>>> print(open('query12.cif').read())   # mmCIF, C-alpha atoms
data_target
#
loop_
_atom_site.label_atom_id
_atom_site.label_comp_id
_atom_site.auth_asym_id
_atom_site.auth_seq_id
_atom_site.Cartn_x
_atom_site.Cartn_y
_atom_site.Cartn_z
CA MET A 180 -34.40 -33.15 -18.74
CA VAL A 181 -32.06 -31.38 -16.31
CA SER A 182 -33.70 -30.81 -12.93
CA VAL A 183 -34.06 -27.14 -11.97
CA VAL A 184 -33.40 -28.17 -8.37
CA LEU A 185 -30.18 -29.80 -9.54
CA VAL A 186 -29.14 -26.48 -11.10
CA GLN A 187 -29.55 -24.76 -7.73
CA VAL A 188 -27.46 -27.40 -5.99
CA ALA A 189 -24.78 -27.38 -8.71
CA MET A 190 -24.36 -23.61 -8.59
CA SER A 191 -24.37 -23.49 -4.82
CA TYR A 192 -21.40 -25.83 -4.69
CA GLY A 193 -19.57 -24.93 -7.91
CA GLN A 194 -20.35 -28.25 -9.63
CA GLU A 195 -21.18 -29.11 -13.25
CA LEU A 196 -24.45 -28.48 -15.06
CA PRO A 197 -25.41 -31.84 -16.63
CA PRO A 198 -25.92 -31.96 -20.43
CA ALA A 199 -29.39 -30.92 -21.58
CA ARG A 200 -29.30 -33.50 -24.40
CA ASP A 201 -27.30 -36.55 -25.38
CA GLY A 202 -23.96 -35.81 -26.98
CA LEU A 203 -23.43 -32.49 -25.20
CA ARG A 204 -20.83 -31.50 -22.60
CA PRO A 205 -21.42 -30.79 -18.92
CA VAL A 206 -20.87 -27.12 -18.13
CA PRO A 207 -18.64 -26.29 -15.13
CA LEU A 208 -20.36 -23.69 -12.97
CA PRO A 209 -18.74 -21.23 -10.56
CA HIS A 210 -19.29 -21.33 -6.82
CA LEU A 211 -21.85 -18.58 -6.17
CA GLU A 212 -21.02 -17.72 -2.57
CA PRO A 213 -18.04 -15.39 -3.23
CA ILE A 214 -19.69 -13.73 -6.25
CA ASP A 215 -21.49 -10.37 -6.07
CA ARG A 216 -25.22 -10.86 -5.69
CA PRO A 217 -26.26 -9.26 -9.04
CA VAL A 218 -23.76 -11.50 -10.85
CA ALA A 219 -24.88 -14.63 -8.98
CA GLU A 220 -28.50 -13.89 -9.86
CA GLN A 221 -27.60 -13.49 -13.54
CA LEU A 222 -25.65 -16.73 -13.68
CA HIS A 223 -28.29 -18.67 -11.81
CA ALA A 224 -31.03 -17.41 -14.15
CA ALA A 225 -28.98 -18.37 -17.23
CA ALA A 226 -28.23 -21.88 -15.91
CA ARG A 227 -31.87 -22.33 -14.95
CA ALA A 228 -32.87 -21.34 -18.52
CA VAL A 229 -30.66 -24.15 -19.86
CA ALA A 230 -32.34 -26.62 -17.52
CA GLU A 231 -35.80 -25.48 -18.55
CA ALA A 232 -34.92 -25.55 -22.28
CA SER A 233 -33.91 -29.19 -22.02
CA GLY A 234 -37.55 -30.25 -21.76
CA PRO A 235 -39.48 -31.85 -24.64
CA ALA A 236 -41.54 -28.71 -25.22
CA PHE A 237 -38.46 -26.76 -26.35
CA SER A 238 -36.93 -26.86 -29.83
CA ARG A 239 -33.26 -27.51 -30.49
CA GLU A 240 -32.88 -23.83 -31.43
CA MET A 241 -34.28 -22.81 -28.03
CA THR A 242 -31.84 -25.08 -26.24
CA ALA A 243 -28.96 -23.71 -28.31
CA ALA A 244 -30.03 -20.15 -27.50
CA ALA A 245 -30.10 -20.96 -23.78
CA TYR A 246 -26.59 -22.44 -23.94
CA GLY A 247 -25.45 -19.45 -25.98
CA SER A 248 -26.80 -16.99 -23.43
CA LEU A 249 -25.06 -18.87 -20.61
CA GLY A 250 -21.85 -18.93 -22.66
CA ARG A 251 -21.95 -15.19 -23.32
CA LEU A 252 -22.58 -14.44 -19.67
CA CYS A 253 -19.74 -16.66 -18.46
CA HIS A 254 -17.50 -15.18 -21.17
CA ALA A 255 -18.33 -11.63 -20.04
CA TYR A 256 -17.23 -12.53 -16.50
CA GLU A 257 -14.16 -14.38 -17.82
CA LEU A 258 -15.40 -17.73 -16.54
CA PHE A 259 -13.74 -19.31 -19.54
CA ASP A 260 -14.29 -23.02 -18.78
CA CYS A 261 -18.00 -22.42 -18.36
CA ALA A 262 -18.19 -20.30 -21.52
CA GLU A 263 -16.22 -22.80 -23.62
CA ALA A 264 -18.50 -25.71 -22.78
CA ALA A 265 -21.66 -23.65 -23.27
CA TYR A 266 -20.52 -22.32 -26.66
CA ALA A 267 -19.47 -25.80 -27.75
CA ASN A 268 -22.92 -27.15 -26.86
CA ALA A 269 -24.68 -24.33 -28.67
CA GLY A 270 -22.50 -25.02 -31.73
CA SER A 271 -23.23 -28.76 -31.59
CA ILE A 272 -26.96 -28.09 -31.62
CA GLU A 273 -26.87 -25.29 -34.22
CA SER A 274 -24.03 -26.57 -36.38
CA ARG A 275 -24.81 -24.24 -39.30
CA ARG A 276 -24.72 -21.00 -37.29
CA SER A 277 -21.44 -19.05 -37.33
CA THR A 278 -21.99 -17.19 -34.05
CA TRP A 279 -20.90 -20.00 -31.76
CA PRO A 280 -17.60 -20.95 -33.43
CA TYR A 281 -16.78 -17.26 -33.77
CA LEU A 282 -17.29 -16.55 -30.07
CA LEU A 283 -15.45 -19.74 -29.16
CA GLY A 284 -12.57 -18.66 -31.41
CA TYR A 285 -12.42 -15.28 -29.70
CA LEU A 286 -12.36 -17.02 -26.30
CA PHE A 287 -9.48 -19.22 -27.45
CA GLN A 288 -7.65 -16.15 -28.76
CA GLN A 289 -8.07 -14.42 -25.39
CA THR A 290 -6.70 -17.43 -23.53
CA GLY A 291 -3.70 -18.02 -25.80
CA ARG A 292 -4.98 -21.15 -27.57
CA LEU A 293 -4.09 -19.78 -30.98
CA GLU A 294 -4.36 -22.95 -33.07
CA ASP A 295 -7.80 -23.70 -31.64
CA ALA A 296 -8.81 -20.09 -32.24
CA GLU A 297 -7.71 -20.26 -35.87
CA SER A 298 -9.73 -23.40 -36.52
CA GLN A 299 -12.86 -21.84 -35.00
CA PHE A 300 -12.50 -18.65 -37.06
CA TRP A 301 -11.99 -20.78 -40.16
CA LEU A 302 -15.22 -22.66 -39.36
CA ALA A 303 -17.12 -19.39 -38.73
CA LEU A 304 -16.02 -18.09 -42.14
CA GLN A 305 -17.00 -21.34 -43.84
CA LEU A 306 -20.47 -21.00 -42.37
CA ASP A 307 -20.73 -17.26 -43.07
CA PRO A 308 -18.14 -15.70 -45.42
CA ALA A 309 -19.63 -12.26 -44.68
CA ARG A 310 -18.48 -12.41 -41.06
CA ARG A 311 -15.56 -10.08 -41.68
CA GLU A 312 -14.66 -9.72 -38.01
CA ALA A 313 -13.69 -13.41 -38.06
CA ALA A 314 -11.35 -12.68 -40.97
CA ALA A 315 -9.90 -9.75 -39.02
CA ARG A 316 -9.19 -11.82 -35.94
CA ARG A 317 -7.69 -14.58 -38.05
CA ALA A 318 -5.33 -12.02 -39.62
CA GLU A 319 -4.34 -10.97 -36.09
CA LEU A 320 -3.55 -14.60 -35.29
CA TYR A 321 -1.37 -14.96 -38.37
CA LEU A 322 0.58 -11.87 -37.28
CA ARG A 323 1.01 -13.16 -33.72
CA ARG A 324 2.31 -16.45 -35.10
CA ASN A 325 4.63 -14.58 -37.51
CA ARG A 326 2.94 -16.04 -40.58
CA LEU A 327 3.57 -12.80 -42.41
CA ARG A 328 2.39 -13.65 -45.92
CA GLU A 329 -0.98 -14.88 -44.65
CA ALA A 330 -1.27 -11.92 -42.30
CA ARG A 331 -0.50 -9.46 -45.10
CA GLU A 332 -3.09 -11.04 -47.39
CA GLY A 333 -5.65 -11.07 -44.58
CA PHE A 334 -5.19 -7.40 -43.72
CA GLN A 335 -5.22 -6.37 -47.38
CA GLU A 336 -8.63 -7.97 -47.84
CA LEU A 337 -9.97 -5.86 -44.95
CA ARG A 338 -8.83 -2.42 -46.09
CA ASP A 339 -12.31 -1.33 -47.16
CA VAL A 340 -14.06 -2.92 -44.16
CA PHE A 341 -11.81 -2.04 -41.22
CA PRO A 342 -9.44 0.60 -42.68
CA ALA A 343 -7.62 1.65 -39.49
CA PHE A 344 -7.30 -1.93 -38.26
CA ALA A 345 -6.05 -3.14 -41.64
CA ALA A 346 -3.54 -0.31 -42.00
CA SER A 347 -2.18 -0.98 -38.51
CA GLY A 348 -1.78 -4.68 -39.30
CA LEU A 349 -0.14 -4.02 -42.65
CA GLY A 350 2.25 -1.64 -40.90
CA GLU A 351 3.28 -4.31 -38.40
CA VAL A 352 3.84 -6.83 -41.21
CA ALA A 353 5.95 -4.31 -43.16
CA LEU A 354 7.95 -3.48 -40.03
CA ARG A 355 8.80 -7.13 -39.44
CA GLU A 356 9.74 -7.52 -43.10
CA ARG A 357 11.98 -4.44 -42.79
CA ARG A 358 9.99 -2.55 -45.42
CA PHE A 359 10.26 0.61 -43.35
CA THR A 360 8.95 3.09 -45.92
CA ASP A 361 5.79 1.01 -46.37
CA ALA A 362 5.48 0.67 -42.60
CA VAL A 363 5.57 4.45 -42.13
CA GLN A 364 2.86 4.91 -44.75
CA HIS A 365 0.60 2.28 -43.19
CA PHE A 366 1.01 3.59 -39.64
CA ARG A 367 0.34 7.15 -40.80
CA THR A 368 -2.84 5.94 -42.50
CA ALA A 369 -3.94 4.11 -39.35
CA LEU A 370 -3.30 7.16 -37.14
CA ALA A 371 -5.22 9.41 -39.51
CA ARG A 372 -8.19 7.06 -39.15
CA ALA A 373 -7.76 6.40 -35.41
CA PRO A 374 -5.78 9.27 -33.79
CA GLU A 375 -6.62 7.92 -30.32
CA ALA A 376 -4.53 4.79 -31.06
CA SER A 377 -1.45 6.28 -29.42
CA ALA A 378 0.32 2.91 -29.13
CA LEU A 379 0.94 3.12 -32.90
CA HIS A 380 3.40 5.97 -32.34
CA TYR A 381 5.85 3.43 -30.93
CA SER A 382 5.63 1.25 -34.06
CA LEU A 383 5.94 4.35 -36.24
CA ALA A 384 9.04 5.36 -34.28
CA MET A 385 10.59 1.94 -34.95
CA ALA A 386 9.90 2.36 -38.67
CA TYR A 387 11.57 5.79 -38.67
CA ARG A 388 14.51 4.35 -36.77
CA GLY A 389 14.83 1.65 -39.42
CA LEU A 390 15.07 4.42 -42.02
CA GLY A 391 17.70 6.24 -39.98
CA ARG A 392 15.37 9.20 -39.37
CA LEU A 393 16.19 9.43 -35.67
CA ASP A 394 14.71 12.87 -34.93
CA GLU A 395 11.34 11.73 -36.23
CA ALA A 396 11.68 8.50 -34.27
CA ARG A 397 12.24 10.45 -31.04
CA THR A 398 9.23 12.66 -31.78
CA GLU A 399 6.99 9.62 -32.24
CA LEU A 400 8.31 7.94 -29.10
CA ALA A 401 7.32 11.04 -27.12
CA ARG A 402 3.77 10.64 -28.44
CA HIS A 403 3.53 6.97 -27.51
CA GLY A 404 0.61 6.02 -25.27
CA PRO A 405 -1.65 3.07 -24.39
CA GLY A 406 -4.46 3.60 -26.92
CA VAL A 407 -4.96 0.87 -29.55
CA VAL A 408 -6.89 0.47 -32.77
CA LYS A 409 -10.24 -1.07 -31.93
CA LEU A 410 -12.05 -3.51 -34.15
CA GLY A 411 -15.73 -2.64 -34.50
CA ASP A 412 -17.25 -5.97 -33.44
CA PRO A 413 -20.84 -5.89 -32.15
CA GLU A 414 -20.75 -9.57 -31.18
CA VAL A 415 -17.75 -9.17 -28.87
CA ASP A 416 -18.57 -5.63 -27.78
CA GLY A 417 -22.00 -6.85 -26.69
CA LEU A 418 -20.40 -9.04 -24.02
CA SER A 419 -19.50 -5.99 -21.95
CA ALA A 420 -23.15 -4.96 -21.74
CA LEU A 421 -23.87 -8.11 -19.73
CA VAL A 422 -21.50 -7.33 -16.88
CA ARG A 423 -23.06 -6.32 -13.56
CA GLY A 424 -21.81 -6.02 -10.01
CA GLU A 425 -19.82 -3.07 -8.72
CA ARG A 426 -16.58 -4.95 -8.10
CA LEU A 427 -16.32 -6.44 -11.58
CA LEU A 428 -17.39 -3.22 -13.26
CA LEU A 429 -14.68 -1.38 -11.37
CA ILE A 430 -12.10 -3.93 -12.47
CA ARG A 431 -13.12 -3.48 -16.10
CA GLY A 432 -13.13 0.29 -15.73
CA LYS A 433 -9.65 0.31 -14.21
CA ALA A 434 -8.37 -1.92 -17.01
CA ALA A 435 -9.82 0.44 -19.62
CA PHE A 436 -8.35 3.47 -17.82
CA ASP A 437 -4.89 1.88 -17.66
CA ALA A 438 -5.13 1.10 -21.39
CA GLY A 439 -5.92 4.73 -22.17
CA GLU A 440 -9.46 3.83 -23.30
CA PHE A 441 -11.02 6.62 -21.28
CA ARG A 442 -14.45 6.60 -22.95
CA ASP A 443 -14.76 2.90 -22.21
CA ALA A 444 -13.65 3.58 -18.64
CA VAL A 445 -16.42 6.18 -18.28
CA SER A 446 -18.93 3.58 -19.44
CA TRP A 447 -17.70 0.94 -16.95
CA PHE A 448 -17.55 3.33 -13.99
CA SER A 449 -20.98 4.74 -14.85
CA LYS A 450 -22.40 1.21 -14.85
CA ALA A 451 -20.80 0.59 -11.45
CA ILE A 452 -22.51 3.72 -10.12
CA ALA A 453 -25.83 2.57 -11.58
CA ASP A 454 -25.41 -0.69 -9.65
CA ALA A 455 -24.12 1.03 -6.48
CA PRO A 456 -24.99 4.76 -6.40
CA ASP A 457 -23.16 5.22 -3.08
CA SER A 458 -19.89 3.76 -4.37
CA VAL A 459 -17.17 6.24 -3.44
CA THR A 460 -14.60 4.28 -5.45
CA ALA A 461 -16.67 4.28 -8.64
CA ARG A 462 -17.39 8.01 -8.43
CA THR A 463 -13.77 8.84 -7.64
CA GLN A 464 -12.53 6.79 -10.58
CA LEU A 465 -15.13 8.33 -12.87
CA ALA A 466 -14.09 11.83 -11.78
CA ARG A 467 -10.43 11.11 -12.48
CA THR A 468 -11.34 9.70 -15.88
CA PHE A 469 -13.22 12.89 -16.72
CA VAL A 470 -10.11 14.85 -15.72
CA ARG A 471 -8.06 12.83 -18.22
CA LEU A 472 -10.69 13.48 -20.88
CA GLY A 473 -10.54 17.21 -20.25
CA GLU A 474 -14.12 17.42 -18.97
CA PRO A 475 -13.70 19.35 -15.71
CA GLU A 476 -17.37 20.09 -15.09
CA ASN A 477 -18.24 16.39 -15.15
CA ALA A 478 -15.26 15.69 -12.90
CA LEU A 479 -16.36 18.39 -10.44
CA GLU A 480 -19.82 16.84 -10.21
CA GLN A 481 -18.40 13.44 -9.29
CA PHE A 482 -15.81 14.77 -6.81
CA GLU A 483 -18.53 16.78 -5.07
CA ALA A 484 -20.73 13.69 -4.89
CA VAL A 485 -17.87 11.75 -3.29
CA LEU A 486 -17.48 14.37 -0.57
CA GLN A 487 -21.22 14.27 0.06
CA LEU A 488 -20.91 10.51 0.61
CA ASP A 489 -17.63 10.68 2.54
CA PRO A 490 -16.73 14.13 3.90
CA ALA A 491 -13.54 12.69 5.41
CA ASP A 492 -12.08 11.68 2.02
CA GLN A 493 -8.96 13.84 2.11
CA GLN A 494 -7.53 12.93 -1.30
CA THR A 495 -10.79 13.73 -3.05
CA ALA A 496 -10.90 17.08 -1.25
CA ILE A 497 -7.41 17.85 -2.59
CA ASP A 498 -8.32 16.71 -6.11
CA LEU A 499 -11.48 18.81 -6.05
CA ALA A 500 -9.62 21.87 -4.74
CA ILE A 501 -6.98 21.56 -7.47
CA LEU A 502 -9.68 21.26 -10.12
CA LEU A 503 -11.54 24.27 -8.73
CA SER A 504 -8.28 26.25 -8.71
CA ASP A 505 -7.67 25.31 -12.33
CA ARG A 506 -11.09 26.83 -13.03
CA ALA A 507 -10.06 30.01 -11.11
CA ARG A 508 -12.61 29.18 -8.39
CA PHE A 509 -10.11 29.81 -5.59
CA ARG A 510 -12.64 30.75 -2.93
CA ASP A 511 -14.53 27.49 -3.52
CA ALA A 512 -11.24 25.58 -3.36
CA VAL A 513 -10.40 27.17 0.01
CA ALA A 514 -13.87 26.28 1.30
CA VAL A 515 -13.46 22.63 0.27
CA LEU A 516 -10.06 22.34 1.95
CA THR A 517 -11.25 24.18 5.07
CA ARG A 518 -14.09 21.70 5.50
CA ALA A 519 -11.71 18.81 4.92
CA SER A 520 -9.26 20.22 7.47
CA ALA A 521 -11.99 20.18 10.11
CA GLN A 522 -12.03 16.38 9.94
CA SER A 523 -10.20 14.40 12.60
CA SER A 524 -8.37 12.50 9.84
CA THR A 525 -6.82 15.62 8.27
CA THR A 526 -3.60 14.76 6.43
CA SER A 527 -0.49 16.85 6.00
CA ALA A 528 -1.23 16.93 2.27
CA THR A 529 -4.64 18.53 2.86
CA ALA A 530 -3.27 21.08 5.32
CA THR A 531 -0.33 21.93 3.07
CA THR A 532 -2.53 22.40 0.01
CA LEU A 533 -4.77 24.75 2.01
CA ALA A 534 -1.81 26.68 3.41
CA ARG A 535 -0.28 27.15 -0.03
CA LEU A 536 -3.59 28.34 -1.45
CA LEU A 537 -4.05 30.83 1.38
CA ALA A 538 -0.48 32.05 0.93
CA ALA A 539 -0.21 32.30 -2.84
CA ALA A 540 -3.61 32.10 -4.58
CA PRO A 541 -3.68 34.26 -7.74
CA ASP A 542 -6.88 35.80 -6.37
CA ARG A 543 -5.49 38.01 -3.63
CA SER A 544 -8.93 38.41 -2.06
CA VAL A 545 -8.78 34.83 -0.75
CA ARG A 546 -5.27 35.07 0.69
CA ASP A 547 -4.73 34.91 4.44
CA GLY A 548 -1.04 34.87 5.25
CA ALA A 549 -1.53 34.62 9.00
CA LYS A 550 -3.76 31.56 8.70
CA ALA A 551 -1.42 30.03 6.14
CA LEU A 552 1.54 30.49 8.50
CA GLU A 553 -0.34 28.93 11.41
CA ILE A 554 -1.21 25.85 9.35
CA ALA A 555 2.24 25.59 7.73
CA ARG A 556 4.11 25.79 11.03
CA ALA A 557 1.90 23.08 12.54
CA VAL A 558 2.59 20.78 9.59
CA PHE A 559 6.34 21.46 9.70
CA ASP A 560 6.45 20.76 13.43
CA ARG A 561 5.00 17.30 12.72
CA ASP A 562 7.13 16.65 9.63
CA PRO A 563 10.16 18.90 8.98
CA ALA A 564 10.36 18.03 5.28
CA ALA A 565 11.71 20.38 2.61
CA ALA A 566 8.30 20.95 1.02
CA HIS A 567 6.79 21.91 4.37
CA ALA A 568 9.59 24.39 5.08
CA GLU A 569 8.88 25.94 1.66
CA THR A 570 5.21 26.33 2.63
CA VAL A 571 6.22 28.28 5.73
CA ALA A 572 8.36 30.50 3.49
CA LEU A 573 5.41 31.14 1.17
CA ALA A 574 3.26 32.21 4.11
CA LEU A 575 5.95 34.52 5.47
CA ALA A 576 6.43 36.07 2.03
CA GLU A 577 2.70 36.82 1.86
CA LEU A 578 3.09 38.63 5.21
CA ASN A 579 6.06 40.59 3.76
CA ARG A 580 8.41 39.03 6.35
CA CYS A 581 11.03 38.58 3.66
CA PRO A 582 14.21 37.87 5.68
CA GLU A 583 12.40 35.13 7.59
CA ALA A 584 10.97 33.74 4.35
CA ARG A 585 14.49 33.48 2.89
CA GLU A 586 15.75 31.72 6.03
CA TRP A 587 12.98 29.16 5.68
CA MET A 588 13.81 28.61 2.01
CA LEU A 589 17.44 27.99 2.97
CA ARG A 590 16.15 25.51 5.55
CA ALA A 591 14.10 23.84 2.80
CA VAL A 592 17.18 23.54 0.56
CA ALA A 593 19.17 22.01 3.43
CA ALA A 594 16.41 19.48 4.12
CA ALA A 595 16.29 18.48 0.44
CA GLU A 596 20.08 18.07 0.35
CA GLN A 597 19.99 15.97 3.50
CA ALA A 598 17.34 13.75 1.90
CA ALA A 599 19.61 13.38 -1.17
CA ASP A 600 16.78 14.62 -3.39
CA ALA A 601 18.72 16.25 -6.21
CA ALA A 602 15.67 17.28 -8.25
CA GLU A 603 13.97 18.95 -5.27
CA THR A 604 17.20 20.65 -4.26
CA ALA A 605 17.61 22.12 -7.74
CA ARG A 606 14.00 23.28 -7.84
CA LEU A 607 14.21 25.01 -4.46
CA LYS A 608 17.50 26.72 -5.37
CA GLU A 609 15.83 28.09 -8.50
CA GLN A 610 13.07 29.57 -6.31
CA LEU A 611 15.47 31.05 -3.74
CA PRO A 612 16.16 34.40 -5.54
CA LYS A 613 12.44 35.25 -5.36
CA TYR A 614 12.73 35.52 -1.59
CA GLY A 615 15.46 38.15 -1.56
CA SER A 616 12.97 41.00 -1.34
CA CYS A 617 9.63 39.08 -1.61
#
>>> encode(input="query12.cif", output="structure tokens")
Amino acid sequence: MVSVVLVQVAMSYGQELPPARDGLRPVPLPHLEPIDRPVAEQLHAAARAVAEASGPAFSREMTAAAYGSLGRLCHAYELFDCAEAAYANAGSIESRRSTWPYLLGYLFQQTGRLEDAESQFWLALQLDPARREAAARRAELYLRRNRLREAREGFQELRDVFPAFAASGLGEVALRERRFTDAVQHFRTALARAPEASALHYSLAMAYRGLGRLDEARTELARHGPGVVKLGDPEVDGLSALVRGERLLLIRGKAAFDAGEFRDAVSWFSKAIADAPDSVTARTQLARTFVRLGEPENALEQFEAVLQLDPADQQTAIDLAILLSDRARFRDAVAVLTRASAQSSTTSATATTLARLLAAAPDRSVRDGAKALEIARAVFDRDPAAAHAETVALALAELNRCPEAREWMLRAVAAAEQAADAAETARLKEQLPKYGSC
């Protein structure tokens, strides 16, 4: 029996958890000191459960379950060495259960050990032919290894089970085999089933290019994004539910956001807030995700919460003001920026945004040209950039001081030319005629 005290020592120093029974592998454990406390507590509890389940009062199934729980937890935190050994032990004890080789195969797939992954998926399917997600991941492996006949057969068998996933895979096989008409059909089918899978537009564009249909190829390239077809896989998806600790949840949320998986990002950032309600970073990221999802009211709630926690957060004040302006709440936007400008850490960006709103808000009742000019001149005196000269011109135009406004726009154009900013120069020149008579 593994000593519970030994578990504490092993985890404190990042050592190995001894085998609970003969014939099993030691499990490498992480050093707990640099890990977030909620995560460390989880890992310690799971390792302790393995130690306790090694006693004579526990069945082999109980020991396997304890190793499996430790494996899942380590897998969720991407502690792959720990997870591999724990899954292998669970599989050695419960050799007729498909769960452990399947999860081990997925781990190997994640870490680029494709041959090992294939053998584990094969074993999982031998033990449970109904585990269709194992067949799906094996088809993915065949495609990655360019074994196109096997990949095609694998995806075809999954058309009724995972239709979008299978169509996407069949499209990729057809594309590599230069069967471009078939590829277009498969990708269209996949997009009809999973319109959020914007990455498929790139593959569809390549198929159109292969057919010589270049206009359609360009159209699809313009639609290309990061979203992918997701395989409905409760076993793997359940790993994410185990993750705790603000830092790791934020990392997962950022990864989901960057991949265009905004609903998943909302879930990760929301979990981070549940773990750390005062996390400015989590709330800011959640707000920006809601903006990308087109849910402004939810975004407003989170931005406002951030400013309650950190009134000096200038970027959040700007983001909130822009969002309020988009909702035609210009007076509220001015109030937010005015409060932010009272902070000692006021940035030029905050002051400029406020000045522009006071000078040119569509709601004329909130305009204050004199105040806008005062703020804009102060910013320009600190930083005589083209954009800041333009802000002075906007304020002067609001005050009907048109000749001065035009002079400031000419100064803005000159500053942009001096900075060799061709795009800004062109934009400012386009705006210049508006200042002839305000």
>>> closest_residue(input="query12.cif", among="A:Glu414, A:Glu220, A:Glu569, A:Asp505", to="Leu607 in chain A", atoms="all atoms listed in the file")
A:Glu569
>>> closest_residue(input="query12.cif", among="A:Asp454, A:Glu609, A:Glu312, A:Glu297", to="Arg423 in chain A", atoms="all atoms listed in the file")
A:Asp454
>>> atom_distance(input="query12.cif", atom1="CA of Asp412 in chain A", atom2="CA of Gly432 in chain A")
19.2 Å
>>> closest_residue(input="query12.cif", among="A:Ala549, A:Ala346, A:Arg292, A:Cys253", to="Arg324 in chain A", atoms="all atoms listed in the file")
A:Arg292
>>> resolve_selection(input="query12.cif", expression="the PyMOL selection byres ((chain A and resi 364) around 10)", output="CSV table (one decimal) with C-alpha atoms, in the coordinates of the input")
chain,number,residue,atom,x,y,z
A,346,ALA,CA,-3.5,-0.3,-42.0
A,347,SER,CA,-2.2,-1.0,-38.5
A,349,LEU,CA,-0.1,-4.0,-42.6
A,350,GLY,CA,2.2,-1.6,-40.9
A,353,ALA,CA,6.0,-4.3,-43.2
A,359,PHE,CA,10.3,0.6,-43.4
A,360,THR,CA,9.0,3.1,-45.9
A,361,ASP,CA,5.8,1.0,-46.4
A,362,ALA,CA,5.5,0.7,-42.6
A,363,VAL,CA,5.6,4.4,-42.1
A,365,HIS,CA,0.6,2.3,-43.2
A,366,PHE,CA,1.0,3.6,-39.6
A,367,ARG,CA,0.3,7.2,-40.8
A,368,THR,CA,-2.8,5.9,-42.5
A,369,ALA,CA,-3.9,4.1,-39.4
A,383,LEU,CA,5.9,4.4,-36.2
A,386,ALA,CA,9.9,2.4,-38.7
>>> residues_near_point(input="query12.cif", point="(-19.6, 1.7, -16.8)", cutoff="10 Å", atoms="only C-alpha atoms", output="list in words")
Ser419, Ala420, Val422, Arg423, Glu425, Leu428, Leu429, Arg431, Gly432, Arg442, Asp443, Ala444, Val445, Ser446, Trp447, Phe448, Ser449, Lys450, Ala451, Ile452, Ala453, Asp454, Ala461 and Leu465 of chain A
>>> axis_aligned_box(input="query12.cif", around="range 593-597 of chain A", padding_each_side="6 Å", output="lines of an AutoDock Vina configuration file")
center_x = 18.2
center_y = 19.0
center_z = 2.2
size_x = 15.8
size_y = 18.0
size_z = 15.8
>>> resolve_selection(input="query12.cif", expression="the PyMOL selection byres ((chain A and resi 603) around 12)", output="list of chain:residue names")
A:Ala564, A:Ala565, A:Ala566, A:Glu569, A:Ala591, A:Val592, A:Ala593, A:Ala594, A:Ala595, A:Glu596, A:Gln597, A:Ala598, A:Ala599, A:Asp600, A:Ala601, A:Ala602, A:Thr604, A:Ala605, A:Arg606, A:Leu607, A:Lys608, A:Glu609, A:Gln610
